[in-house]
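Data from upload-v2.csv: CSV, C-alpha atoms and all ligand atoms
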```csv
chain,number,residue,atom,x,y,z
F,7,MET,CA,3.1,-7.9,-17.7
F,8,ASN,CA,6.9,-8.3,-17.6
F,9,PRO,CA,8.8,-11.0,-19.6
F,10,ARG,CA,8.1,-13.6,-17.0
F,11,GLY,CA,4.4,-12.9,-16.9
F,12,VAL,CA,4.4,-11.1,-13.6
F,13,GLU,CA,1.8,-8.3,-13.3
F,14,ILE,CA,3.4,-5.2,-12.0
F,15,SER,CA,0.4,-3.1,-10.9
F,16,LYS,CA,-2.0,-3.9,-8.2
F,17,ALA,CA,-4.4,-1.6,-10.2
F,18,GLN,CA,-7.1,-1.9,-7.7
F,19,ARG,CA,-7.7,-5.6,-8.6
F,20,ILE,CA,-9.1,-7.9,-6.0
F,21,ALA,CA,-6.6,-10.1,-4.2
F,22,ASP,CA,-8.9,-13.0,-4.9
F,23,ASN,CA,-6.9,-15.7,-3.2
F,24,GLY,CA,-6.8,-13.9,0.1
F,25,PHE,CA,-3.6,-13.0,2.0
F,26,ILE,CA,-1.2,-14.8,-0.4
F,27,SER,CA,-2.4,-12.9,-3.4
F,28,ALA,CA,-1.8,-9.6,-1.6
F,29,ILE,CA,1.9,-10.4,-1.3
F,30,GLY,CA,4.3,-8.6,-3.6
F,31,ASN,CA,3.8,-5.9,-6.3
F,32,THR,CA,5.2,-3.3,-3.8
F,33,PRO,CA,6.0,0.2,-4.9
F,34,LEU,CA,9.6,1.3,-5.8
F,35,ILE,CA,10.1,4.6,-4.0
F,36,ARG,CA,12.6,7.2,-5.2
F,37,LEU,CA,14.6,8.5,-2.2
F,38,LYS,CA,14.6,12.1,-3.2
F,39,LYS,CA,17.2,13.7,-0.9
F,40,LEU,CA,19.8,10.9,-1.3
F,41,SER,CA,19.2,10.9,-5.1
F,42,GLU,CA,19.8,14.6,-5.2
F,43,GLU,CA,22.9,14.3,-3.0
F,44,THR,CA,24.5,11.5,-5.1
F,45,GLY,CA,23.4,12.6,-8.6
F,46,CYS,CA,21.9,9.1,-9.0
F,47,ASP,CA,18.4,7.6,-8.7
F,48,ILE,CA,18.3,5.7,-5.5
F,49,LEU,CA,15.2,3.6,-5.4
F,50,GLY,CA,13.8,1.6,-2.4
F,51,LYS,CA,11.4,-1.4,-2.9
F,52,ALA,CA,8.7,-0.9,-0.3
F,53,GLU,CA,8.6,-4.4,1.1
F,54,PHE,CA,7.1,-3.1,4.4
F,55,GLN,CA,3.9,-2.8,2.4
F,56,ASN,CA,3.5,-6.6,2.1
F,57,PRO,CA,0.4,-7.7,4.1
F,58,GLY,CA,2.5,-9.3,6.9
F,59,GLY,CA,4.7,-6.2,7.0
F,60,SER,CA,8.0,-7.4,5.6
F,61,VAL,CA,9.9,-8.8,2.6
F,62,LYS,CA,9.7,-12.3,4.3
F,63,ASP,CA,6.1,-12.7,3.3
F,64,ARG,CA,7.4,-13.7,-0.1
F,65,ALA,CA,9.7,-16.4,1.2
F,66,ALA,CA,7.0,-17.7,3.6
F,67,TYR,CA,4.5,-18.1,0.8
F,68,TYR,CA,7.1,-19.8,-1.4
F,69,VAL,CA,8.4,-22.4,1.1
F,70,VAL,CA,4.8,-23.4,1.9
F,71,LYS,CA,3.9,-23.5,-1.8
F,72,ASP,CA,7.0,-25.6,-2.5
F,73,ALA,CA,6.0,-28.1,0.3
F,74,GLU,CA,2.5,-28.4,-1.2
F,75,GLU,CA,3.9,-28.9,-4.7
F,76,ARG,CA,6.3,-31.6,-3.5
F,77,GLY,CA,3.4,-33.4,-1.8
F,78,LEU,CA,4.8,-32.9,1.7
F,79,LEU,CA,2.0,-30.7,2.9
F,80,LYS,CA,-1.7,-31.6,2.5
F,81,PRO,CA,-4.8,-30.0,3.8
F,82,GLY,CA,-4.8,-29.9,7.6
F,83,GLY,CA,-1.0,-30.3,7.8
F,84,THR,CA,1.5,-28.6,10.0
F,85,VAL,CA,4.4,-26.2,9.1
F,86,VAL,CA,7.4,-26.1,11.4
F,87,GLU,CA,10.1,-23.4,11.4
F,88,GLY,CA,12.8,-22.1,13.7
F,89,THR,CA,12.5,-18.3,13.8
F,90,ALA,CA,11.2,-15.5,15.9
F,91,GLY,CA,11.5,-12.9,13.2
F,92,ASN,CA,9.7,-11.8,10.1
F,93,THR,CA,9.6,-15.2,8.5
F,94,GLY,CA,7.7,-16.5,11.6
F,95,ILE,CA,5.2,-13.7,11.2
F,96,GLY,CA,4.9,-14.2,7.4
F,97,LEU,CA,4.4,-18.0,7.9
F,98,ALA,CA,1.8,-17.4,10.6
F,99,HIS,CA,-0.3,-15.3,8.2
F,100,VAL,CA,0.2,-17.7,5.3
F,101,CYS,CA,-0.6,-20.8,7.5
F,102,ARG,CA,-3.8,-19.1,8.9
F,103,SER,CA,-5.0,-18.1,5.5
F,104,LYS,CA,-4.4,-21.7,4.2
F,105,GLY,CA,-5.7,-23.6,7.2
F,106,TYR,CA,-2.3,-25.1,8.3
F,107,LYS,CA,-1.0,-25.3,11.9
F,108,LEU,CA,2.2,-23.5,12.5
F,109,VAL,CA,4.8,-24.6,15.1
F,110,ILE,CA,7.7,-22.3,15.9
F,111,PHE,CA,10.9,-23.3,17.8
F,112,MET,CA,13.0,-20.4,19.0
F,113,PRO,CA,15.8,-19.7,21.4
F,114,ASN,CA,14.4,-18.7,24.8
F,115,THR,CA,16.5,-15.5,24.7
F,116,GLN,CA,13.9,-13.9,22.4
F,117,SER,CA,11.7,-11.2,23.8
F,118,GLN,CA,8.2,-12.0,25.2
F,119,GLY,CA,6.8,-9.5,22.8
F,120,LYS,CA,7.9,-11.7,19.8
F,121,ILE,CA,6.5,-14.9,21.4
F,122,ASP,CA,3.2,-13.1,22.2
F,123,LEU,CA,2.9,-11.8,18.6
F,124,LEU,CA,3.4,-15.2,17.1
F,125,ARG,CA,0.9,-16.8,19.5
F,126,LEU,CA,-1.7,-14.2,18.8
F,127,LEU,CA,-1.3,-14.9,15.1
F,128,GLY,CA,-2.2,-18.5,15.8
F,129,ALA,CA,1.3,-20.2,16.1
F,130,GLU,CA,2.3,-22.8,18.7
F,131,VAL,CA,5.6,-21.5,20.1
F,132,TYR,CA,8.3,-23.5,21.9
F,133,PRO,CA,11.1,-21.4,23.4
F,134,VAL,CA,14.0,-23.8,23.9
F,135,PRO,CA,17.5,-23.4,25.4
F,136,ALA,CA,19.7,-21.0,23.4
F,137,VAL,CA,22.5,-23.5,22.6
F,138,ALA,CA,24.9,-23.6,19.6
F,139,TYR,CA,24.1,-25.3,16.3
F,140,ASP,CA,26.3,-28.4,17.1
F,141,ASN,CA,24.2,-29.1,20.2
F,142,PRO,CA,21.2,-31.5,19.4
F,143,GLU,CA,19.0,-29.3,21.5
F,144,ASN,CA,19.5,-26.3,19.2
F,145,TYR,CA,16.1,-24.9,18.0
F,146,ASN,CA,16.8,-25.8,14.4
F,147,HIS,CA,17.4,-29.5,15.3
F,148,GLN,CA,14.3,-29.6,17.5
F,149,ALA,CA,12.3,-28.2,14.7
F,150,THR,CA,13.6,-30.9,12.3
F,151,ARG,CA,13.0,-33.7,14.8
F,152,TYR,CA,9.4,-32.4,15.5
F,153,ALA,CA,8.6,-32.5,11.7
F,154,GLU,CA,10.3,-35.9,11.1
F,155,ALA,CA,8.3,-37.5,13.9
F,156,ARG,CA,4.9,-36.5,12.4
F,157,GLU,CA,2.8,-37.2,9.3
F,158,ASN,CA,1.8,-34.3,7.1
F,159,CYS,CA,4.2,-32.1,8.9
F,160,VAL,CA,7.1,-30.2,7.2
F,161,TRP,CA,10.1,-28.2,8.4
F,162,THR,CA,10.3,-25.3,5.9
F,163,ASN,CA,14.0,-24.7,6.7
F,164,GLN,CA,14.2,-21.1,5.3
F,165,PHE,CA,18.0,-20.9,5.4
F,166,ASP,CA,18.8,-23.8,3.2
F,167,ASN,CA,15.5,-24.3,1.3
F,168,THR,CA,16.1,-22.7,-2.1
F,169,ALA,CA,12.3,-22.1,-2.6
F,170,ASN,CA,13.2,-19.0,-0.6
F,171,ARG,CA,15.5,-17.5,-3.2
F,172,GLN,CA,13.0,-18.7,-5.9
F,173,ALA,CA,10.5,-16.3,-4.5
F,174,HIS,CA,12.8,-13.4,-5.4
F,175,ILE,CA,13.8,-14.9,-8.8
F,176,GLU,CA,10.1,-15.2,-9.7
F,177,THR,CA,8.7,-12.1,-8.1
F,178,THR,CA,11.0,-9.4,-6.5
F,179,GLY,CA,13.6,-9.4,-9.3
F,180,PRO,CA,11.0,-9.3,-12.2
F,181,GLU,CA,9.1,-6.5,-10.4
F,182,ILE,CA,12.2,-4.4,-10.1
F,183,TRP,CA,13.1,-4.9,-13.7
F,184,ALA,CA,9.6,-4.1,-14.9
F,185,GLN,CA,9.2,-1.1,-12.6
F,186,THR,CA,12.5,0.5,-13.8
F,187,GLY,CA,11.8,-0.5,-17.4
F,188,GLY,CA,15.2,-2.2,-17.3
F,189,ASN,CA,16.8,1.1,-16.5
F,190,ILE,CA,18.8,-0.1,-13.5
F,191,ASP,CA,22.5,-0.1,-13.1
F,192,ALA,CA,23.0,-1.6,-9.6
F,193,PHE,CA,21.3,-3.5,-6.9
F,194,THR,CA,22.3,-4.0,-3.2
F,195,CYS,CA,20.8,-5.4,0.0
F,196,GLY,CA,21.8,-7.3,3.1
F,197,SER,CA,21.7,-11.0,3.7
F,198,GLY,CA,20.0,-13.1,6.4
F,199,THR,CA,19.0,-16.3,4.8
F,200,ALA,CA,20.3,-14.7,1.5
F,201,GLY,CA,17.0,-15.4,-0.3
F,202,THR,CA,16.5,-11.7,-1.3
F,203,ILE,CA,20.1,-10.9,-2.4
F,204,ALA,CA,20.7,-14.2,-4.1
F,205,GLY,CA,17.3,-14.4,-5.9
F,206,CYS,CA,17.3,-10.7,-7.1
F,207,THR,CA,21.0,-11.0,-8.2
F,208,ARG,CA,20.2,-14.2,-10.2
F,209,TYR,CA,17.2,-12.6,-11.9
F,210,LEU,CA,18.8,-9.2,-12.6
F,211,LYS,CA,22.1,-10.7,-13.9
F,212,ASP,CA,20.1,-13.1,-16.2
F,213,VAL,CA,17.8,-10.5,-17.6
F,214,SER,CA,20.5,-7.9,-18.2
F,215,ASN,CA,23.1,-10.2,-19.5
F,216,GLY,CA,25.3,-9.5,-16.5
F,217,ARG,CA,25.1,-5.7,-16.8
F,218,VAL,CA,23.4,-4.9,-13.5
F,219,GLN,CA,26.0,-4.6,-10.8
F,220,CYS,CA,25.0,-6.6,-7.6
F,221,TYR,CA,26.6,-6.0,-4.2
F,222,VAL,CA,25.7,-7.7,-0.9
F,223,ALA,CA,25.6,-5.3,2.1
F,224,ASP,CA,26.9,-6.7,5.4
F,225,PRO,CA,27.0,-5.5,9.0
F,226,PRO,CA,29.9,-6.1,11.5
F,227,GLY,CA,30.1,-9.6,12.9
F,228,SER,CA,29.0,-11.4,9.7
F,229,VAL,CA,31.1,-13.7,7.6
F,230,ILE,CA,29.6,-12.8,4.2
F,231,TYR,CA,31.6,-9.6,3.5
F,232,GLY,CA,34.9,-11.5,3.8
F,233,TYR,CA,33.6,-14.5,1.9
F,234,VAL,CA,32.4,-12.5,-1.1
F,235,GLN,CA,35.5,-10.2,-1.2
F,236,SER,CA,37.8,-13.3,-1.2
F,237,HIS,CA,35.7,-14.9,-4.0
F,238,GLY,CA,34.6,-17.7,-1.7
F,239,ALA,CA,38.1,-18.6,-0.6
F,240,GLU,CA,37.5,-18.0,3.1
F,241,LEU,CA,34.8,-16.9,5.5
F,242,GLY,CA,35.1,-13.4,6.9
F,243,ASP,CA,36.0,-13.0,10.6
F,244,ARG,CA,33.1,-12.7,13.1
F,245,LYS,CA,34.7,-9.9,15.0
F,246,GLY,CA,32.2,-7.4,16.3
F,247,SER,CA,28.4,-7.5,16.4
F,248,SER,CA,25.6,-5.4,15.0
F,249,ILE,CA,22.3,-3.9,16.1
F,250,THR,CA,20.7,-4.8,12.7
F,251,GLU,CA,18.2,-7.6,13.2
F,252,GLY,CA,17.5,-10.2,10.5
F,253,ILE,CA,20.8,-9.8,8.6
F,254,GLY,CA,24.4,-10.9,8.9
F,255,GLN,CA,25.3,-14.6,9.0
F,256,GLY,CA,27.8,-17.0,10.6
F,257,ARG,CA,27.8,-19.3,7.6
F,258,ILE,CA,27.1,-19.5,3.9
F,259,THR,CA,23.5,-20.8,3.4
F,260,GLU,CA,22.3,-23.0,0.5
F,261,ASN,CA,20.3,-20.0,-0.7
F,262,LEU,CA,23.5,-18.0,-1.2
F,263,LYS,CA,25.9,-20.7,-2.5
F,264,PRO,CA,24.7,-20.9,-6.1
F,265,ASP,CA,25.0,-17.2,-6.6
F,266,VAL,CA,28.1,-16.1,-4.8
F,267,GLU,CA,30.0,-16.0,-8.1
F,268,LEU,CA,27.5,-13.7,-9.6
F,269,LEU,CA,28.0,-11.0,-7.0
F,270,ASP,CA,30.3,-8.1,-8.0
F,271,GLY,CA,31.3,-7.4,-4.4
F,272,ALA,CA,30.3,-6.7,-0.9
F,273,LEU,CA,29.8,-3.5,1.1
F,274,HIS,CA,30.6,-3.3,4.8
F,275,ILE,CA,28.1,-1.0,6.6
F,276,SER,CA,28.7,0.0,10.2
F,277,ASP,CA,25.9,0.4,12.7
F,278,ALA,CA,26.7,4.1,12.8
F,279,LYS,CA,25.8,4.5,9.1
F,280,SER,CA,22.6,2.4,9.5
F,281,ILE,CA,21.4,4.4,12.5
F,282,GLU,CA,22.2,7.7,10.7
F,283,MET,CA,20.0,6.5,7.9
F,284,VAL,CA,17.1,5.4,10.2
F,285,TYR,CA,16.8,9.1,11.2
F,286,ARG,CA,17.5,10.5,7.8
F,287,CYS,CA,14.9,8.4,6.0
F,288,LEU,CA,12.3,9.4,8.6
F,289,ASP,CA,13.2,13.1,8.4
F,290,GLU,CA,13.9,13.5,4.7
F,291,GLU,CA,11.6,10.9,3.2
F,292,GLY,CA,8.9,10.3,5.8
F,293,LEU,CA,9.9,6.6,5.8
F,294,TYR,CA,9.7,4.8,9.2
F,295,LEU,CA,12.1,2.0,8.5
F,296,GLY,CA,13.8,-0.8,10.5
F,297,ALA,CA,17.6,-1.0,10.8
F,298,SER,CA,18.1,-3.6,8.0
F,299,SER,CA,16.3,-1.4,5.6
F,300,CYS,CA,18.5,1.6,6.5
F,301,LEU,CA,21.7,-0.5,6.3
F,302,ASN,CA,20.4,-1.2,2.7
F,303,VAL,CA,19.8,2.5,2.0
F,304,ALA,CA,23.3,3.3,3.4
F,305,ALA,CA,24.8,0.7,1.1
F,306,ALA,CA,22.8,2.1,-1.9
F,307,ARG,CA,24.3,5.5,-1.2
F,308,ASP,CA,27.8,4.1,-1.0
F,309,LEU,CA,27.3,2.2,-4.2
F,310,ALA,CA,25.9,5.3,-5.9
F,311,LEU,CA,29.0,7.3,-4.9
F,312,LYS,CA,31.3,4.4,-6.0
F,313,LEU,CA,29.6,4.2,-9.5
F,314,GLY,CA,29.3,7.9,-10.1
F,315,PRO,CA,26.4,10.2,-11.1
F,316,GLY,CA,23.7,9.3,-13.5
F,317,LYS,CA,23.2,5.7,-12.3
F,318,THR,CA,20.1,4.0,-11.0
F,319,VAL,CA,20.6,2.0,-7.8
F,320,VAL,CA,17.9,-0.2,-6.3
F,321,THR,CA,17.6,-1.5,-2.7
F,322,ILE,CA,15.1,-3.2,-0.4
F,323,LEU,CA,13.1,-1.5,2.4
F,324,CYS,CA,12.6,-4.8,4.3
F,325,ASP,CA,10.2,-3.7,7.1
F,326,GLY,CA,9.0,-0.8,9.2
F,327,ALA,CA,10.5,0.4,12.5
F,328,TYR,CA,7.4,-0.6,14.5
F,329,ARG,CA,8.8,-3.7,16.2
F,330,TYR,CA,12.1,-2.0,16.9
F,331,ALA,CA,11.0,1.5,18.0
F,332,GLU,CA,11.8,1.0,21.7
F,333,ARG,CA,15.4,0.6,20.7
F,334,LEU,CA,16.0,2.7,17.6
F,335,PHE,CA,14.2,5.7,19.0
F,336,SER,CA,15.4,5.4,22.6
F,337,LYS,CA,18.0,7.9,23.7
F,338,LYS,CA,19.1,5.6,26.5
F,339,TRP,CA,19.6,2.6,24.2
F,340,LEU,CA,21.4,4.6,21.6
F,341,HIS,CA,23.8,5.8,24.4
F,342,GLU,CA,24.3,2.3,25.6
F,343,LYS,CA,25.2,1.1,22.1
F,344,LYS,CA,27.5,4.1,21.6
F,345,LEU,CA,25.4,5.2,18.7
F,346,TRP,CA,24.0,8.5,20.0
F,347,GLU,CA,26.7,10.5,18.1
F,348,SER,CA,25.6,8.8,14.9
F,349,VAL,CA,22.2,10.4,15.0
F,350,PRO,CA,22.6,13.8,13.1
F,351,GLU,CA,22.3,16.6,15.7
F,352,GLY,CA,19.3,18.2,14.1
F,353,LEU,CA,17.4,14.9,14.1
F,354,ARG,CA,17.9,13.8,17.7
F,355,LYS,CA,14.5,15.3,18.4
F,356,TYR,CA,13.0,12.0,17.0
F,357,ALA,CA,14.6,9.9,19.8
F,358,VAL,CA,11.6,10.4,22.1
F,359,LEU,CA,11.4,7.0,23.8
G,401,LIG,N1,15.7,-7.6,7.1
G,401,LIG,C1,14.9,-8.1,8.0
G,401,LIG,C2,14.2,-7.2,9.0
G,401,LIG,C3,14.7,-9.5,8.1
G,401,LIG,O1,13.9,-10.1,9.0
G,401,LIG,C4,15.4,-10.3,7.1
G,401,LIG,C5,15.2,-11.8,7.2
G,401,LIG,N2,16.0,-12.5,8.1
G,401,LIG,C6,16.2,-9.7,6.2
G,401,LIG,C7,16.3,-8.4,6.2
G,401,LIG,C8,17.0,-10.5,5.2
G,401,LIG,O2,16.3,-11.2,4.2
G,401,LIG,P1,16.8,-12.6,3.6
G,401,LIG,O3,16.5,-13.6,4.7
G,401,LIG,O4,16.1,-12.8,2.4
G,401,LIG,O5,18.3,-12.5,3.4
```

Take the structure in the file and write it out as structure tokens.
Amino acid sequence: MNPRGVEISKAQRIADNGFISAIGNTPLIRLKKLSEETGCDILGKAEFQNPGGSVKDRAAYYVVKDAEERGLLKPGGTVVEGTAGNTGIGLAHVCRSKGYKLVIFMPNTQSQGKIDLLRLLGAEVYPVPAVAYDNPENYNHQATRYAEARENCVWTNQFDNTANRQAHIETTGPEIWAQTGGNIDAFTCGSGTAGTIAGCTRYLKDVSNGRVQCYVADPPGSVIYGYVQSHGAELGDRKGSSITEGIGQGRITENLKPDVELLDGALHISDAKSIEMVYRCLDEEGLYLGASSCLNVAAARDLALKLGPGKTVVTILCDGAYRYAERLFSKKWLHEKKLWESVPEGLRKYAVL
């Protein structure tokens, strides 16, 4: 048990409440080679081990639990969300296991593979025109209208619903603190909805009296780096784009707003660095990770070098590479994105697709 009463070990116990009780309590893996190289302990929280395959299982469970607790969702009800990514997958599992219907609105630019996966997990999927947020036909507004027009139907609104960051305040943060025995100097990860970075930062700052240094990691094309570095004075510019899926943002979400002041800074991580790490993590650690996880690992290395030897730096391994393999391990795609040169020469043998 840690101070907030969170059990830290699965210890072969039965997940007696089905899918949802198998969420969390993921291992904290020491990345041996990078730790050796930096003289620090670099630790990755293995969120790919969640039962739905990503860190987003935690937020999916919490937004549903919050709707239940607020009386907005009763047995037989419907959950609505606008996402084709890991939150949709997490919600599909949570909703199936709790007997709710799940409706997903998503831009019709998303791949058929994502639509098929959500449908086979039991979700009703509506691909809608990919228009900007200020257009009433934007998928977020369609999701809102759908929920408003129905009884016992809730739009979980992952970006601005702070039940999302609460998941990390109550579970991820306490697990990291307990697993390291409080021996943690720094934490870093990227931000999509910002639930993970904001929730972990809030908990780790509180429990350490501000001692743990917390940095948000940001890819090109996202406004967060500039926003944090200017202490909230201005949004960063949106120049450029990134291959990392699930992170980077064009605005400051309600999940991030309350905790921006707590952050010690931001780290800008290029796609070249993230891709290099995809291959290094596989080759050196046997970890098959998606690009956002590897952006996080690259940020943890930069932070370790910045802080100097002897520190413990923790980051998040968000999901596996399975859904992205056709890109990350395709020589043709890497050439198209001008990232082939970023794959260390000796590791190009892994690009077999
Ligand atoms: N990595 C991946 C692969 C994701 O799908 C997401 C969620 N968008 C994140 C990282 C970021 O997590 P959060 O929404 O908590 O900021």

Open item on the list: So that I can check the surroundings of stretch 327-344 of chain F, please list as a count of residues only every protein, DNA and RNA residue that reaches within 12 Å of it, counting all atoms listed in the file and ignoring chain neighbours fewer than 5 positions away.
Closed with: 42

Open item on the list: Need the shell around F:Glu157: protein/DNA/RNA residues with any atom at most 9 Å away, counting all atoms listed in the file. Skip same-chain ones fewer than 4 positions apart. Format as an NGL selection string?
Closed with: :F and (78 or 83-84 or 153)

TODO: Counting only C-alpha atoms, write as JSON, numbers by chain all protein and nucleic acid residues lying at most 6 Å from (1.9, -29.3, 7.2) in the file's frame.
DONE: {"F": [79, 83, 84, 85, 158, 159, 160]}

Could you turn the residues from that selection into a file that holds C-alpha atoms, as a compact mmCIF listing (two decimals), in the frame of the given file?
```txt
# COMPACT_ATOMS: atom_id res chain seq x y z
CA LEU F 79 2.00 -30.70 2.90
CA GLY F 83 -1.00 -30.30 7.80
CA THR F 84 1.50 -28.60 10.00
CA VAL F 85 4.40 -26.20 9.10
CA ASN F 158 1.80 -34.30 7.10
CA CYS F 159 4.20 -32.10 8.90
CA VAL F 160 7.10 -30.20 7.20
```

- [ ] Work out how far atom CA of F:Asn31 is from atom CA of F:Asn56, in Å to one decimal.
- [x]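 If I compute the distance from atom CA of F:Asn56 to atom CA of F:Asn31, I get 8.4 Å.
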
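Closest approach to ligand LIG 401 (chain G) among F:Thr115, F:Thr178, F:Thr318, F:Gln219 is made by F:Thr178 (distances from all atoms listed in the file).
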
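Going from atom CA of F:Ala310 over to atom CA of F:Ile190, you cover 11.7 Å.
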
- [ ] Would you mind telling me which residue in F:Leu269, F:Leu301, F:Ala200, F:Ile29 lies nearest to ligand LIG 401 (chain G) when using all atoms listed in the file?
- [x]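 Between F:Leu269, F:Leu301, F:Ala200, F:Ile29, the residue approaching ligand LIG 401 (chain G) most closely is F:Ala200.
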
Task: Selection near F:Glu267, 9 Å with only C-alpha atoms, sequence-local residues under 2 positions removed, as JSON, numbers by chain - done: {"F": [234, 237, 238, 263, 264, 265, 269, 270]}

Centre and edge lengths of an axis-aligned box around all listed atoms of ligand LIG 401 (chain G), with 5 Å added on each side, are to be given in Å to one decimal, as lines of an AutoDock Vina configuration file.
```
center_x = 16.1
center_y = -10.4
center_z = 5.7
size_x = 14.4
size_y = 16.4
size_z = 16.6
```

Task: Distance in Å - atom CA of F:Pro180 versus atom CA of F:Glu42 - done: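 These two atoms are separated by 26.4 Å.
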
Task: Nearest residue to F:Gln172 from the set F:Val218, F:Ile121, F:Ala204, F:Leu126 (distances using all atoms listed in the file) - done: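 Going through F:Val218, F:Ile121, F:Ala204, F:Leu126 one by one, the smallest distance to F:Gln172 is for F:Ala204.
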
- [ ] Give the answer as one residue: which of F:Glu43, F:Asn302, F:Leu97, F:Gln118 has the shortest atom-to-atom distance to F:Asp325, using all atoms listed in the file?
- [x]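 Smallest distance to F:Asp325 is found for F:Asn302.
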
TODO: Rank nothing, just name the residue among F:Thr199, F:Gln255, F:Ser228, F:Asn261 nearest to ligand LIG 401 (chain G), using only C-alpha atoms and all ligand atoms.
DONE: F:Thr199

Open item on the list: as a list in words, please: the residues near F:Tyr67 (cut-off 9 Å, only C-alpha atoms, same-chain neighbours under 5 positions excluded).
Closed with: Ile26, Ile29, Lys62, Asp72, Gly96, Leu97, Val100, Cys101, Asn170 and Ala173 of chain F

How about saving the chosen residues, C-alpha atoms kept, as a short mmCIF file (atom, residue, chain, number, x, y, z; two decimals), keeping the file's coordinate frame?
```cif
data_model
loop_
_atom_site.label_atom_id
_atom_site.label_comp_id
_atom_site.auth_asym_id
_atom_site.auth_seq_id
_atom_site.Cartn_x
_atom_site.Cartn_y
_atom_site.Cartn_z
CA ILE F 26 -1.20 -14.80 -0.40
CA ILE F 29 1.90 -10.40 -1.30
CA LYS F 62 9.70 -12.30 4.30
CA ASP F 72 7.00 -25.60 -2.50
CA GLY F 96 4.90 -14.20 7.40
CA LEU F 97 4.40 -18.00 7.90
CA VAL F 100 0.20 -17.70 5.30
CA CYS F 101 -0.60 -20.80 7.50
CA ASN F 170 13.20 -19.00 -0.60
CA ALA F 173 10.50 -16.30 -4.50
#
```

Extract stretch 288-320 of chain F from the preceding block and save C-alpha atoms as a JSON list (two decimals), in the first residue's frame.
```json
[["chain", "number", "residue", "atom", "x", "y", "z"],
["F", 288, "LEU", "CA", 13.81, -2.50, -29.64],
["F", 289, "ASP", "CA", 17.44, -3.42, -30.13],
["F", 290, "GLU", "CA", 18.84, -2.56, -26.70],
["F", 291, "GLU", "CA", 15.91, -3.29, -24.41],
["F", 292, "GLY", "CA", 13.68, -5.67, -26.39],
["F", 293, "LEU", "CA", 10.87, -3.12, -26.08],
["F", 294, "TYR", "CA", 8.54, -2.79, -29.08],
["F", 295, "LEU", "CA", 7.14, 0.70, -28.53],
["F", 296, "GLY", "CA", 5.04, 3.29, -30.38],
["F", 297, "ALA", "CA", 6.48, 6.67, -31.34],
["F", 298, "SER", "CA", 4.97, 8.61, -28.42],
["F", 299, "SER", "CA", 6.62, 6.22, -25.95],
["F", 300, "CYS", "CA", 9.93, 6.74, -27.73],
["F", 301, "LEU", "CA", 9.53, 10.52, -27.75],
["F", 302, "ASN", "CA", 9.12, 10.14, -23.98],
["F", 303, "VAL", "CA", 12.25, 7.99, -23.71],
["F", 304, "ALA", "CA", 14.22, 10.53, -25.78],
["F", 305, "ALA", "CA", 12.96, 13.27, -23.44],
["F", 306, "ALA", "CA", 13.97, 11.22, -20.39],
["F", 307, "ARG", "CA", 17.48, 10.87, -21.81],
["F", 308, "ASP", "CA", 17.71, 14.64, -22.51],
["F", 309, "LEU", "CA", 16.47, 15.36, -19.00],
["F", 310, "ALA", "CA", 18.98, 12.93, -17.48],
["F", 311, "LEU", "CA", 21.81, 14.66, -19.36],
["F", 312, "LYS", "CA", 20.51, 18.05, -18.24],
["F", 313, "LEU", "CA", 20.28, 17.06, -14.56],
["F", 314, "GLY", "CA", 23.57, 15.16, -14.44],
["F", 315, "PRO", "CA", 24.58, 11.68, -13.21],
["F", 316, "GLY", "CA", 23.05, 9.93, -10.22],
["F", 317, "LYS", "CA", 19.44, 11.00, -10.80],
["F", 318, "THR", "CA", 16.34, 8.88, -11.29],
["F", 319, "VAL", "CA", 14.18, 9.94, -14.22],
["F", 320, "VAL", "CA", 10.79, 8.34, -14.89]]
```
